[in-house]
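The structure file final.csv is reproduced below (CSV, C-alpha atoms).
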chain,number,residue,atom,x,y,z
A,156,MET,CA,23.8,-15.2,-19.8
A,157,LYS,CA,20.5,-16.0,-21.6
A,158,ILE,CA,17.5,-14.0,-20.5
A,159,ALA,CA,13.8,-14.6,-21.3
A,160,VAL,CA,11.1,-12.2,-20.4
A,161,LYS,CA,7.5,-13.4,-20.2
A,162,THR,CA,4.6,-11.1,-19.5
A,163,PHE,CA,1.0,-11.9,-18.5
A,164,PRO,CA,-1.0,-8.7,-18.6
A,165,GLY,CA,-3.9,-8.6,-16.2
A,166,ALA,CA,-2.7,-11.7,-14.3
A,167,LYS,CA,-3.0,-11.8,-10.6
A,168,THR,CA,-0.8,-13.4,-8.1
A,169,GLU,CA,-2.8,-16.7,-7.9
A,170,HIS,CA,-2.4,-17.1,-11.7
A,171,MET,CA,1.5,-17.1,-11.5
A,172,ILE,CA,1.7,-20.6,-10.1
A,173,HIS,CA,0.4,-21.8,-13.5
A,174,TYR,CA,2.4,-19.4,-15.7
A,175,VAL,CA,5.7,-20.2,-14.0
A,176,LYS,CA,5.5,-24.0,-14.6
A,177,PRO,CA,6.7,-24.0,-18.2
A,178,THR,CA,9.6,-21.8,-17.2
A,179,LEU,CA,10.6,-24.1,-14.4
A,180,ASN,CA,10.8,-27.0,-16.8
A,181,LYS,CA,13.8,-25.2,-18.4
A,182,GLN,CA,15.6,-25.2,-15.0
A,183,PRO,CA,16.5,-21.5,-14.9
A,184,SER,CA,19.4,-20.5,-12.7
A,185,GLN,CA,17.6,-17.3,-11.8
A,186,LEU,CA,13.9,-16.4,-11.8
A,187,ILE,CA,12.4,-13.0,-11.1
A,188,ILE,CA,8.7,-12.6,-10.5
A,189,HIS,CA,7.1,-9.2,-10.7
A,190,VAL,CA,3.5,-9.5,-9.5
A,191,GLY,CA,1.0,-7.9,-7.1
A,192,THR,CA,0.0,-4.7,-8.8
A,193,ASN,CA,-3.2,-6.2,-10.3
A,194,ASP,CA,-4.2,-7.4,-6.8
A,195,LEU,CA,-4.1,-4.0,-5.1
A,196,SER,CA,-7.7,-3.1,-5.5
A,197,SER,CA,-9.1,-6.4,-4.3
A,198,LYS,CA,-6.7,-7.7,-1.6
A,199,SER,CA,-5.1,-6.4,1.6
A,200,PRO,CA,-1.3,-6.0,1.6
A,201,THR,CA,-1.0,-9.1,3.8
A,202,LYS,CA,-3.0,-11.2,1.4
A,203,ILE,CA,-1.1,-10.0,-1.6
A,204,VAL,CA,2.2,-11.0,0.0
A,205,LYS,CA,0.8,-14.3,1.1
A,206,SER,CA,-0.4,-14.8,-2.6
A,207,ILE,CA,3.2,-14.0,-3.8
A,208,SER,CA,4.7,-16.5,-1.3
A,209,VAL,CA,2.6,-19.4,-2.9
A,210,PRO,CA,4.3,-19.4,-6.3
A,211,GLY,CA,7.6,-18.5,-4.6
A,212,ASP,CA,7.5,-21.5,-2.3
A,213,ALA,CA,6.4,-23.7,-5.2
A,214,ILE,CA,9.3,-22.5,-7.3
A,215,LYS,CA,11.8,-23.3,-4.6
A,216,THR,CA,10.2,-26.7,-3.9
A,217,GLU,CA,10.2,-27.6,-7.6
A,218,ASP,CA,13.8,-26.5,-8.1
A,219,PRO,CA,15.7,-25.4,-4.9
A,220,LYS,CA,18.7,-24.4,-7.0
A,221,THR,CA,16.8,-21.7,-8.8
A,222,ASN,CA,17.8,-18.3,-7.4
A,223,LEU,CA,14.4,-16.6,-6.8
A,224,THR,CA,14.0,-12.8,-6.7
A,225,VAL,CA,10.8,-10.9,-6.2
A,226,SER,CA,10.4,-7.5,-7.8
A,227,GLU,CA,8.7,-4.9,-5.7
A,228,VAL,CA,5.3,-3.5,-6.6
A,229,ILE,CA,5.6,-0.3,-8.5
A,230,THR,CA,4.2,3.0,-7.3
A,231,ARG,CA,0.6,3.9,-8.3
A,232,ASN,CA,-0.9,7.3,-8.6
A,233,ASP,CA,-4.5,6.5,-9.7
A,234,GLU,CA,-6.0,6.2,-6.2
A,235,GLU,CA,-4.4,7.5,-3.0
A,236,VAL,CA,-5.4,4.4,-1.1
A,237,LEU,CA,-3.6,2.1,-3.6
A,238,ALA,CA,-0.4,4.2,-3.4
A,239,ASP,CA,-0.4,3.6,0.4
A,240,LYS,CA,-1.0,-0.1,-0.1
A,241,VAL,CA,2.0,-0.3,-2.4
A,242,ASN,CA,4.2,0.9,0.4
A,243,LEU,CA,2.7,-1.7,2.8
A,244,VAL,CA,3.0,-4.5,0.3
A,245,ASN,CA,6.7,-3.7,-0.3
A,246,GLU,CA,7.4,-3.5,3.4
A,247,HIS,CA,5.9,-7.0,3.8
A,248,LEU,CA,7.7,-8.3,0.7
A,249,ASP,CA,11.0,-7.2,2.3
A,250,THR,CA,10.2,-9.3,5.4
A,251,LEU,CA,9.1,-12.3,3.3
A,252,CYS,CA,12.2,-12.2,1.1
A,253,THR,CA,14.5,-11.9,4.1
A,254,GLN,CA,12.7,-14.8,5.8
A,255,ARG,CA,12.8,-17.1,2.7
A,256,ASN,CA,16.3,-16.0,1.6
A,257,TRP,CA,15.0,-14.7,-1.7
A,258,GLY,CA,16.3,-11.7,-3.5
A,259,LEU,CA,14.3,-8.5,-3.6
A,260,ILE,CA,14.4,-5.8,-6.3
A,261,SER,CA,13.7,-2.3,-5.0
A,262,HIS,CA,11.9,0.2,-7.2
A,263,LYS,CA,12.1,3.1,-4.8
A,264,ASN,CA,13.7,5.1,-7.6
A,265,SER,CA,10.4,4.9,-9.5
A,266,LYS,CA,8.1,7.9,-8.7
A,267,SER,CA,4.7,9.1,-9.9
A,268,ILE,CA,6.4,11.1,-12.7
A,269,HIS,CA,7.4,7.7,-14.2
A,270,LEU,CA,3.7,6.7,-14.7
A,271,ASN,CA,1.6,7.3,-17.7
A,272,GLY,CA,-1.6,9.3,-17.7
A,273,SER,CA,-3.7,6.5,-16.0
A,274,GLY,CA,-1.4,6.6,-13.0
A,275,LYS,CA,-1.3,2.8,-13.1
A,276,HIS,CA,1.3,1.9,-15.7
A,277,LEU,CA,4.9,3.0,-16.3
A,278,ASN,CA,5.7,5.5,-19.0
A,279,ARG,CA,8.8,5.1,-21.2
A,280,GLN,CA,11.1,6.6,-18.5
A,281,GLY,CA,9.5,4.4,-15.8
A,282,PHE,CA,10.0,1.3,-17.9
A,283,ALA,CA,13.6,2.2,-18.4
A,284,ILE,CA,14.0,2.5,-14.6
A,285,LEU,CA,12.3,-0.9,-14.1
A,286,THR,CA,14.5,-2.5,-16.7
A,287,ARG,CA,17.7,-1.0,-15.2
A,288,ASN,CA,16.7,-2.2,-11.7
A,289,ILE,CA,16.1,-5.8,-12.9
A,290,LYS,CA,19.3,-5.8,-15.0
A,291,THR,CA,21.3,-4.6,-12.0
A,292,GLN,CA,19.9,-7.5,-9.9
A,293,LEU,CA,20.6,-10.0,-12.7
A,294,LEU,CA,24.2,-8.8,-13.1
A,295,HIS,CA,24.7,-8.9,-9.3
A,296,ASN,CA,23.3,-12.4,-9.0
A,297,HIS,CA,25.4,-13.5,-12.0
A,298,THR,CA,28.7,-12.3,-10.4
A,299,ILE,CA,28.0,-14.0,-7.1
A,300,ASN,CA,27.0,-17.4,-8.5

Represent the structure contained in this file as structure tokens.
Amino acid sequence: MKIAVKTFPGAKTEHMIHYVKPTLNKQPSQLIIHVGTNDLSSKSPTKIVKSISVPGDAIKTEDPKTNLTVSEVITRNDEEVLADKVNLVNEHLDTLCTQRNWGLISHKNSKSIHLNGSGKHLNRQGFAILTRNIKTQLLHNHTIN
């Protein structure tokens, strides 16, 4: 299984539709999108999930055979209101992914102790947990396909 990871620091959900196009040209069997964190301070949970659905729907329209999975938004500890929004976004993501028959990667095993001093970004332990969660999903998808 060949895996490519592409990061777009600072990107918001509306930018992903542009970033994902070159990847779709390679006709991946699986695609995981991990977005939403950068939108927490400026959008409601409903708008964030709607913004995530746009590139998701575009991906499935472009290549219906691509197995699409959405990665939950990771916990935040920099502002209490944002931590609460993370939970709401992830609840709505669960509903969206169920409705669209997309995979969903849970990060409920990621806690505030897994964040760096800013309370926004993962520390080394947190990154290891994120990586393990994604790897588990990839291996699961690979065995059922």

* Asked: Which of these, A:Val175, A:Val209, A:Ile229, A:Ile158, has the shortest distance to Asn278 (chain A) once you count only C-alpha atoms?
  -> A:Ile229

* Asked: Which residues come within 7 Å of region 185-201 of chain A, counting all atoms listed in the file, excluding same-chain residues fewer than 5 positions away, as a PyMOL selection string?
  -> chain A and resi 165-168+221-228+237+240+243-244

* Asked: To one decimal place, how far is CA of Gln182 (chain A) from CA of Arg255 (chain A) in Å?
  ->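 A separation of 19.7 Å between them.
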
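Closest approach to Leu259 (chain A) among A:Thr216, A:Asn296, A:Thr162, A:Asn180: A:Asn296, based on only C-alpha atoms.
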
* **Long-range neighbours of Arg231 (chain A) as a list in words, 8 Å cut-off, only C-alpha atoms, 4 positions minimum in chain** => Leu237, Ala238, Val241, Ser267, Leu270, Gly274, Lys275 and His276 of chain A

* Could you please determine the separation between CA of Lys176 (chain A) and CA of Pro164 (chain A) in Å, to one decimal place? =>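 It comes out at 17.1 Å.
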
* Asked: Any idea what the distance is between CA of Thr230 (chain A) and CA of Ala283 (chain A)?
  ->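 Here the two named atoms are 14.6 Å from each other.
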
* **Which of A:Tyr174, A:Asp239, A:Asn232, A:Trp257 sits closest to His269 (chain A) [using all atoms listed in the file]** =>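 Ranking A:Tyr174, A:Asp239, A:Asn232, A:Trp257 by distance to His269 (chain A), first place goes to A:Asn232.
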
* Which of these residues is nearest to Val160 (chain A), using only C-alpha atoms: A:Ser265, A:Thr250, A:Thr178, A:Ser206? ->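 Checking each candidate against Val160 (chain A), we get A:Thr178 as the closest.
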
Fill-in result for region 243-256 of chain A, N, CA and C atoms as a PDB file, in the frame of the given file:
ATOM      1  N   LEU A 243       2.909  -0.583   1.848  1.00  0.00           N
ATOM      2  CA  LEU A 243       2.700  -1.700   2.800  1.00  0.00           C
ATOM      3  C   LEU A 243       3.099  -3.026   2.210  1.00  0.00           C
ATOM      4  N   VAL A 244       2.668  -3.267   0.975  1.00  0.00           N
ATOM      5  CA  VAL A 244       3.000  -4.500   0.300  1.00  0.00           C
ATOM      6  C   VAL A 244       4.529  -4.658   0.226  1.00  0.00           C
ATOM      7  N   ASN A 245       5.207  -3.603  -0.181  1.00  0.00           N
ATOM      8  CA  ASN A 245       6.700  -3.700  -0.300  1.00  0.00           C
ATOM      9  C   ASN A 245       7.380  -3.870   0.991  1.00  0.00           C
ATOM     10  N   GLU A 246       6.858  -3.285   2.075  1.00  0.00           N
ATOM     11  CA  GLU A 246       7.400  -3.500   3.400  1.00  0.00           C
ATOM     12  C   GLU A 246       7.294  -5.012   3.766  1.00  0.00           C
ATOM     13  N   HIS A 247       6.107  -5.574   3.524  1.00  0.00           N
ATOM     14  CA  HIS A 247       5.900  -7.000   3.800  1.00  0.00           C
ATOM     15  C   HIS A 247       6.707  -7.900   2.910  1.00  0.00           C
ATOM     16  N   LEU A 248       6.886  -7.482   1.655  1.00  0.00           N
ATOM     17  CA  LEU A 248       7.700  -8.300   0.700  1.00  0.00           C
ATOM     18  C   LEU A 248       9.159  -8.323   1.216  1.00  0.00           C
ATOM     19  N   ASP A 249       9.648  -7.221   1.729  1.00  0.00           N
ATOM     20  CA  ASP A 249      11.000  -7.200   2.300  1.00  0.00           C
ATOM     21  C   ASP A 249      11.173  -8.225   3.369  1.00  0.00           C
ATOM     22  N   THR A 250      10.196  -8.278   4.267  1.00  0.00           N
ATOM     23  CA  THR A 250      10.200  -9.300   5.400  1.00  0.00           C
ATOM     24  C   THR A 250      10.164 -10.685   4.816  1.00  0.00           C
ATOM     25  N   LEU A 251       9.231 -10.927   3.883  1.00  0.00           N
ATOM     26  CA  LEU A 251       9.100 -12.300   3.300  1.00  0.00           C
ATOM     27  C   LEU A 251      10.393 -12.711   2.641  1.00  0.00           C
ATOM     28  N   CYS A 252      10.971 -11.853   1.828  1.00  0.00           N
ATOM     29  CA  CYS A 252      12.200 -12.200   1.100  1.00  0.00           C
ATOM     30  C   CYS A 252      13.363 -12.469   2.047  1.00  0.00           C
ATOM     31  N   THR A 253      13.435 -11.698   3.118  1.00  0.00           N
ATOM     32  CA  THR A 253      14.500 -11.900   4.100  1.00  0.00           C
ATOM     33  C   THR A 253      14.273 -13.275   4.796  1.00  0.00           C
ATOM     34  N   GLN A 254      13.032 -13.574   5.184  1.00  0.00           N
ATOM     35  CA  GLN A 254      12.700 -14.800   5.800  1.00  0.00           C
ATOM     36  C   GLN A 254      13.015 -16.047   4.944  1.00  0.00           C
ATOM     37  N   ARG A 255      12.704 -15.927   3.647  1.00  0.00           N
ATOM     38  CA  ARG A 255      12.800 -17.100   2.700  1.00  0.00           C
ATOM     39  C   ARG A 255      14.200 -17.086   2.026  1.00  0.00           C
ATOM     40  N   ASN A 256      15.025 -16.081   2.280  1.00  0.00           N
ATOM     41  CA  ASN A 256      16.300 -16.000   1.600  1.00  0.00           C
ATOM     42  C   ASN A 256      16.166 -15.820   0.104  1.00  0.00           C
TER      43      ASN A 256
END
